[in-house]
Each structure stands twice: as structure tokens, then as C-alpha cells.
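Reproduced below: protein-v2.cif, with mmCIF, C-alpha atoms.
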data_target
#
loop_
_atom_site.label_atom_id
_atom_site.label_comp_id
_atom_site.auth_asym_id
_atom_site.auth_seq_id
_atom_site.Cartn_x
_atom_site.Cartn_y
_atom_site.Cartn_z
CA MET D 1 78.22 101.07 122.73
CA LEU D 2 80.50 98.72 120.81
CA SER D 3 79.20 95.53 119.21
CA ILE D 4 81.70 92.67 119.12
CA PRO D 5 81.30 90.42 116.05
CA ARG D 6 81.25 86.69 116.55
CA ILE D 7 79.97 83.65 114.73
CA LEU D 8 76.61 82.49 116.05
CA ASN D 9 76.46 79.15 114.25
CA ASN D 10 78.10 76.57 116.53
CA PRO D 11 80.08 79.14 118.56
CA ARG D 12 81.59 76.47 120.82
CA LYS D 13 83.22 74.62 117.93
CA ASP D 14 84.40 77.88 116.43
CA SER D 15 85.89 78.99 119.73
CA LEU D 16 87.78 75.72 120.08
CA HIS D 17 89.15 76.11 116.57
CA LEU D 18 90.34 79.63 117.36
CA LYS D 19 92.03 78.49 120.58
CA ARG D 20 93.69 75.58 118.80
CA SER D 21 94.98 77.87 116.08
CA PHE D 22 96.41 80.29 118.63
CA SER D 23 98.01 77.45 120.60
CA ILE D 24 99.88 76.18 117.55
CA VAL D 25 101.28 79.61 116.73
CA ALA D 26 102.05 80.35 120.38
CA SER D 27 104.03 77.10 120.61
CA PHE D 28 106.12 78.12 117.62
CA THR D 29 106.85 81.57 119.04
CA ALA D 30 107.75 79.98 122.37
CA ILE D 31 110.36 77.91 120.54
CA LEU D 32 111.81 81.09 119.05
CA TRP D 33 112.14 82.62 122.51
CA LEU D 34 113.69 79.42 123.89
CA ILE D 35 116.29 79.43 121.11
CA LYS D 36 117.16 83.06 121.83
CA ILE D 37 117.47 82.45 125.56
CA ILE D 38 119.74 79.45 125.00
CA GLU D 39 121.86 81.50 122.61
CA SER D 40 122.23 84.24 125.22
CA LEU D 41 123.12 81.83 128.01
CA THR D 42 125.68 79.88 125.98
CA GLY D 43 127.21 82.82 124.12
CA ALA D 44 126.65 81.09 120.79
CA GLU D 45 126.60 83.08 117.57
CA LEU D 46 123.66 81.56 115.77
CA PHE D 47 123.53 84.24 113.08
CA LYS D 48 126.13 82.15 111.24
CA TYR D 49 123.36 79.64 110.58
CA GLY D 50 121.32 82.23 108.73
CA ILE D 51 120.96 82.55 104.98
CA PHE D 52 124.04 83.80 103.16
CA PRO D 53 123.01 84.40 99.53
CA GLY D 54 124.91 82.69 96.75
CA GLN D 55 126.94 80.35 98.93
CA LEU D 56 126.18 76.63 99.12
CA SER D 57 126.85 76.68 102.85
CA GLY D 58 124.18 79.35 103.16
CA LEU D 59 121.48 77.07 101.78
CA ALA D 60 121.05 75.42 105.18
CA GLY D 61 120.01 78.82 106.46
CA ILE D 62 116.72 78.45 104.60
CA LEU D 63 115.70 76.03 107.35
CA TRP D 64 117.31 77.79 110.31
CA ALA D 65 117.11 81.52 109.56
CA PRO D 66 113.46 82.04 110.66
CA LEU D 67 114.34 80.53 114.04
CA ILE D 68 117.22 82.93 114.73
CA HIS D 69 117.05 86.58 115.78
CA SER D 70 119.79 89.14 116.25
CA SER D 71 118.46 90.50 119.55
CA TYR D 72 115.56 90.32 121.98
CA SER D 73 114.14 93.49 120.48
CA HIS D 74 114.27 91.88 117.03
CA LEU D 75 112.43 88.83 118.36
CA PHE D 76 109.93 90.93 120.28
CA ALA D 77 109.12 92.92 117.14
CA ASN D 78 108.25 89.68 115.33
CA THR D 79 106.38 87.98 118.15
CA MET D 80 103.05 89.79 118.10
CA PRO D 81 102.69 89.86 114.29
CA LEU D 82 103.42 86.13 114.19
CA LEU D 83 100.86 85.42 116.90
CA ILE D 84 98.06 87.45 115.32
CA LEU D 85 98.74 86.79 111.64
CA GLY D 86 99.55 83.12 112.15
CA THR D 87 96.37 82.63 114.15
CA ALA D 88 94.33 84.42 111.48
CA LEU D 89 95.79 82.13 108.82
CA LEU D 90 95.16 78.88 110.71
CA TYR D 91 91.75 79.97 111.93
CA GLY D 92 90.43 81.27 108.62
CA TYR D 93 92.10 78.90 106.17
CA PRO D 94 93.04 75.60 107.88
CA LYS D 95 93.40 73.67 104.60
CA SER D 96 95.37 76.36 102.82
CA ALA D 97 97.63 76.82 105.86
CA LYS D 98 99.10 73.36 105.27
CA ILE D 99 100.42 74.68 101.97
CA VAL D 100 101.00 78.33 102.84
CA ILE D 101 103.19 77.82 105.90
CA PRO D 102 105.83 75.54 104.32
CA ALA D 103 105.69 77.44 101.01
CA VAL D 104 106.30 80.80 102.70
CA TYR D 105 108.94 79.31 104.99
CA ILE D 106 110.97 77.64 102.23
CA GLY D 107 110.09 79.97 99.36
CA THR D 108 111.07 83.13 101.22
CA GLY D 109 114.41 81.65 102.18
CA LEU D 110 115.09 80.44 98.65
CA GLY D 111 114.28 83.86 97.21
CA VAL D 112 116.64 85.49 99.70
CA TRP D 113 119.40 83.00 98.90
CA LEU D 114 119.05 83.65 95.17
CA PHE D 115 118.61 87.42 95.06
CA ALA D 116 119.40 89.14 98.38
CA ARG D 117 122.43 91.16 99.40
CA HIS D 118 125.55 89.28 100.51
CA SER D 119 125.03 89.27 104.23
CA TYR D 120 123.52 86.97 106.83
CA HIS D 121 119.72 87.12 106.77
CA ILE D 122 117.88 85.93 109.87
CA GLY D 123 114.51 86.33 111.55
CA ALA D 124 110.88 85.28 111.16
CA SER D 125 109.62 88.52 109.62
CA GLY D 126 109.38 86.88 106.20
CA LEU D 127 106.79 84.51 107.69
CA ALA D 128 104.79 87.38 109.15
CA PHE D 129 104.78 89.21 105.80
CA GLY D 130 103.72 86.07 103.96
CA PHE D 131 100.85 85.41 106.37
CA MET D 132 99.68 89.01 106.34
CA PHE D 133 99.63 89.37 102.55
CA PHE D 134 97.95 86.00 102.13
CA VAL D 135 95.12 86.73 104.56
CA PHE D 136 94.58 90.23 103.23
CA THR D 137 94.72 89.29 99.53
CA ILE D 138 92.52 86.21 99.76
CA GLY D 139 89.86 88.26 101.52
CA ALA D 140 89.80 90.63 98.56
CA PHE D 141 89.11 87.69 96.22
CA ARG D 142 86.65 85.65 98.26
CA TRP D 143 84.32 88.21 99.85
CA ASP D 144 82.63 85.69 102.14
CA ARG D 145 82.06 87.05 105.62
CA ARG D 146 84.92 85.40 107.47
CA ALA D 147 87.45 86.19 104.75
CA SER D 148 86.36 89.82 104.63
CA VAL D 149 86.52 90.26 108.40
CA LEU D 150 89.97 88.68 108.65
CA SER D 151 91.23 90.70 105.70
CA MET D 152 90.06 93.98 107.21
CA LEU D 153 91.41 93.02 110.62
CA VAL D 154 94.95 92.23 109.48
CA PHE D 155 95.03 95.32 107.25
CA PHE D 156 93.87 97.53 110.11
CA LEU D 157 96.53 96.10 112.44
CA TYR D 158 99.42 95.59 110.04
CA GLY D 159 98.64 97.37 106.79
CA SER D 160 101.68 99.57 107.30
CA MET D 161 103.84 96.47 106.78
CA ILE D 162 103.60 97.11 103.05
CA TRP D 163 106.39 99.67 103.39
CA GLY D 164 108.66 96.94 104.73
CA ILE D 165 109.05 95.37 101.30
CA PHE D 166 111.11 98.37 100.18
CA PRO D 167 114.73 99.08 101.15
CA SER D 168 115.00 101.14 104.29
CA GLU D 169 117.63 100.55 106.95
CA PRO D 170 120.74 98.60 105.86
CA ASP D 171 120.45 96.08 108.70
CA ILE D 172 116.86 95.13 107.85
CA SER D 173 116.31 92.31 105.36
CA PHE D 174 113.67 93.89 103.16
CA GLU D 175 114.33 91.00 100.78
CA SER D 176 112.78 88.58 103.28
CA HIS D 177 109.78 90.88 103.57
CA PHE D 178 109.45 91.18 99.81
CA PHE D 179 109.61 87.48 99.01
CA GLY D 180 107.34 86.59 101.92
CA ALA D 181 104.76 89.10 100.68
CA LEU D 182 105.11 87.97 97.06
CA ILE D 183 104.59 84.31 97.92
CA GLY D 184 101.64 85.20 100.15
CA ILE D 185 99.93 87.09 97.32
CA VAL D 186 100.55 84.36 94.74
CA LEU D 187 99.25 81.65 97.08
CA ALA D 188 96.17 83.72 97.91
CA ILE D 189 95.30 83.86 94.21
CA LEU D 190 95.96 80.16 93.65
CA LEU D 191 94.20 78.94 96.80
CA ARG D 192 91.30 81.38 96.91
CA ASN D 193 88.77 78.54 96.53
CA TYR D 194 90.72 75.85 98.37
CA ASP D 195 89.07 76.30 101.75
CA PRO D 196 85.28 75.88 101.66
CA TYR D 197 83.12 78.96 101.70
CA SER D 198 80.84 79.36 104.68
CA PRO D 199 77.89 81.56 103.63
CA GLU D 200 75.73 79.96 106.28
CA LYS D 201 77.79 81.51 109.04
CA LYS D 202 76.10 84.46 110.69
CA TYR D 203 77.66 87.33 112.60
CA SER D 204 76.17 89.17 115.53
CA TRP D 205 76.04 92.52 113.73
CA GLU D 206 73.60 91.04 111.20
CA ASP D 207 70.83 90.67 113.75
CA GLU D 208 70.57 93.62 116.09
CA GLU D 209 67.77 91.96 118.00
CA ASP D 210 69.64 88.72 118.63
CA GLU D 211 69.63 87.99 122.34
CA ASP D 212 73.16 86.57 122.17
CA ASP D 213 74.69 89.75 120.78
CA ILE D 214 77.63 90.80 122.92
CA THR D 215 77.93 94.48 123.75
CA ILE D 216 80.37 96.54 125.68
CA ILE D 217 79.11 99.82 127.06
CA ASP D 218 81.65 102.57 127.46
CA ASN D 219 80.80 104.30 130.72
CA GLU D 220 83.36 107.02 130.33
CA PRO D 221 81.92 110.53 129.91
#

Have the structure of the file written as C-alpha cells, please.
Amino acid sequence: MLSIPRILNNPRKDSLHLKRSFSIVASFTAILWLIKIIESLTGAELFKYGIFPGQLSGLAGILWAPLIHSSYSHLFANTMPLLILGTALLYGYPKSAKIVIPAVYIGTGLGVWLFARHSYHIGASGLAFGFMFFVFTIGAFRWDRRASVLSMLVFFLYGSMIWGIFPSEPDISFESHFFGALIGIVLAILLRNYDPYSPEKKYSWEDEEDEDDITIIDNEP
């Protein structure tokens, strides 16, 4: 028997907030796929609009690089982390997200432009790393129920991402990963009290006798 945690205080409002958060992130990822499809159909070489460190012309890539991907496999690899981690950020920390998203977006690109290898850097993985490290780190500081659950969830799903901040394959921008993670950690420390705590929220595992507890029974032998 597996108990599925959920918030019992005003579950309808909470569910709507979760759906809204997912819809926002899903819309962004849909734009990324649309851009890649258009690039494929037109034969354009959008990588030239990525970040090229140290060159003034490469500064514009800070805005465009997260929207561009080298291949469908590259985009596919970023899609699910963006959906899950972006939703966790918006759902758990709606006030902080208004600061975290632009700060990670611009800050990661600026760090790459200043310090990365001289090559074109593209892709949204820096965003995913920033979101993951923010949600995980802030949960370690706050310790309220929602923060702890989200922190454990993202670490369980994407904790292995920590190895991505180190150099590995030459065609992978570990610099984007590193600066995204660094900014996420710093913002988690600075904004740890920015979103209100919610100690009144109650989870289904806290009351085993609650009639609304959702269970899934595994019927396999």
C-alpha cells in the first residue's frame, strides 16, 4: 500500500495553483519546441545567436541562448527537467520565482559570457540547474513541510545533476550548469524567508485515520 501525500487544507485552491504553475512552464517548453521545429524546417543555424564569451556580439546570446538547442535530443533532454523543476519552483515559491527566473536566466548567461570557453553556448540546461539547486537548497534552510517535500522530491529525481557542474564532455556547457547552480544556491539563501511559511498546511501522511487519505494498493504478487 502506498500513501500519496497531498495538502488537505483547501485542496481545490492548491490543485489550481499546481495546474497553473505547470501550464506556465509547459507553455515555455512548447515555445522551445516550436523554435526548434521552425529552425529545422527553414534550415536556419540559430546556434550563431548563442553566447560567445568575450565578444560584444555574443552578449545578445544571453537573451537567446536558452531558447536554442543543437538537436532534438538536446531539447528532449532539457524538456522534462524544465517541466518538473520549473513547476516545483512556481508552485512552492511563487513570490521568489519572480526574482529567481529572471536572475537565473540573465545571471547564468552573463557568467558564461564572462568566464566560459570560447565557443557558442546554447540550451536551457542552465535554467534547469538553477531551479533544481534553488528548490533543493531552500528546503534545507526552511524546513516547513512543503519546502521539505519539494526539496526531497527534486533531489530524488535530479540529484545526480550535481555532477553536471564539472567538466565532462567537450560539447557540453558545464559552465552554464555551474553558474545556474551557483545562482540558484545564492538566491535560496537570500530568499529563504521571502515566501510565507505555511505551518498550518497538513499532509495526508500526518493523519492515518483521515477519511480523505488517498491510497493505491499494489495488487501484484

Query raised in the report: Quick one, how far is CA of Gly130 in chain D from CA of Ala30 in chain D?
Result: 19.8 Å

**Report entry** Closest of D:Pro167, D:Gly50, D:Gly92, D:Pro81 to Val112 in chain D - atom-to-atom distances counting only C-alpha atoms
**Finding:**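 Nearest to Val112 in chain D: D:Gly50.
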
**Report entry** Shell of 12 Å around Ser27 in chain D, only C-alpha atoms, local chain residues under 4 positions omitted, as a ChimeraX atom specification
**Finding:** /D:20-23,31-34,79,82-83,86-87

Saved selection, atoms kept: C-alpha atoms, as a PDB file, in the frame of the given file:
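So again.pdb came out as:
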ATOM      1  CA  ARG D  20      93.690  75.580 118.800  1.00  0.00           C
ATOM      2  CA  SER D  21      94.980  77.870 116.080  1.00  0.00           C
ATOM      3  CA  PHE D  22      96.410  80.290 118.630  1.00  0.00           C
ATOM      4  CA  SER D  23      98.010  77.450 120.600  1.00  0.00           C
ATOM      5  CA  ILE D  31     110.360  77.910 120.540  1.00  0.00           C
ATOM      6  CA  LEU D  32     111.810  81.090 119.050  1.00  0.00           C
ATOM      7  CA  TRP D  33     112.140  82.620 122.510  1.00  0.00           C
ATOM      8  CA  LEU D  34     113.690  79.420 123.890  1.00  0.00           C
ATOM      9  CA  THR D  79     106.380  87.980 118.150  1.00  0.00           C
ATOM     10  CA  LEU D  82     103.420  86.130 114.190  1.00  0.00           C
ATOM     11  CA  LEU D  83     100.860  85.420 116.900  1.00  0.00           C
ATOM     12  CA  GLY D  86      99.550  83.120 112.150  1.00  0.00           C
ATOM     13  CA  THR D  87      96.370  82.630 114.150  1.00  0.00           C
TER      14      THR D  87
END

Query - Resolved residues for the PyMOL selection byres ((chain D and resi 152) around 12) as a ChimeraX atom specification - result: /D:88,132-133,135-140,143,145-151,153-159

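Considering all atoms listed in the file, the residue among D:Asp14, D:Glu45, D:Glu175, D:Glu169 positioned nearest to Gly109 in chain D is D:Glu175.
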
**Report entry** Evaluate the PyMOL selection byres ((chain D and resi 106) around 12) and report residues as a ChimeraX atom specification
**Finding:** /D:51,59-66,99-105,107-113,124,126-127,130,176,179-180,183

Query - Distance in Å - CA of Leu90 in chain D versus CA of Gly164 in chain D - result: 23.3 Å

Requested in this report: Measure the distance from CA of Tyr194 in chain D to CA of Pro11 in chain D in Å and round it to one decimal.
Outcome: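 So the answer is 23.1 Å.
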
Query raised in the report: Skipping near chain neighbours, those fewer than 2 positions away, what residues fall within 12 Å of His74 in chain D using only C-alpha atoms, listed as JSON, numbers by chain?
Result: {"D": [32, 33, 36, 66, 67, 68, 69, 70, 71, 72, 76, 77, 78, 79, 80, 122, 123, 124, 125, 171, 172, 173]}
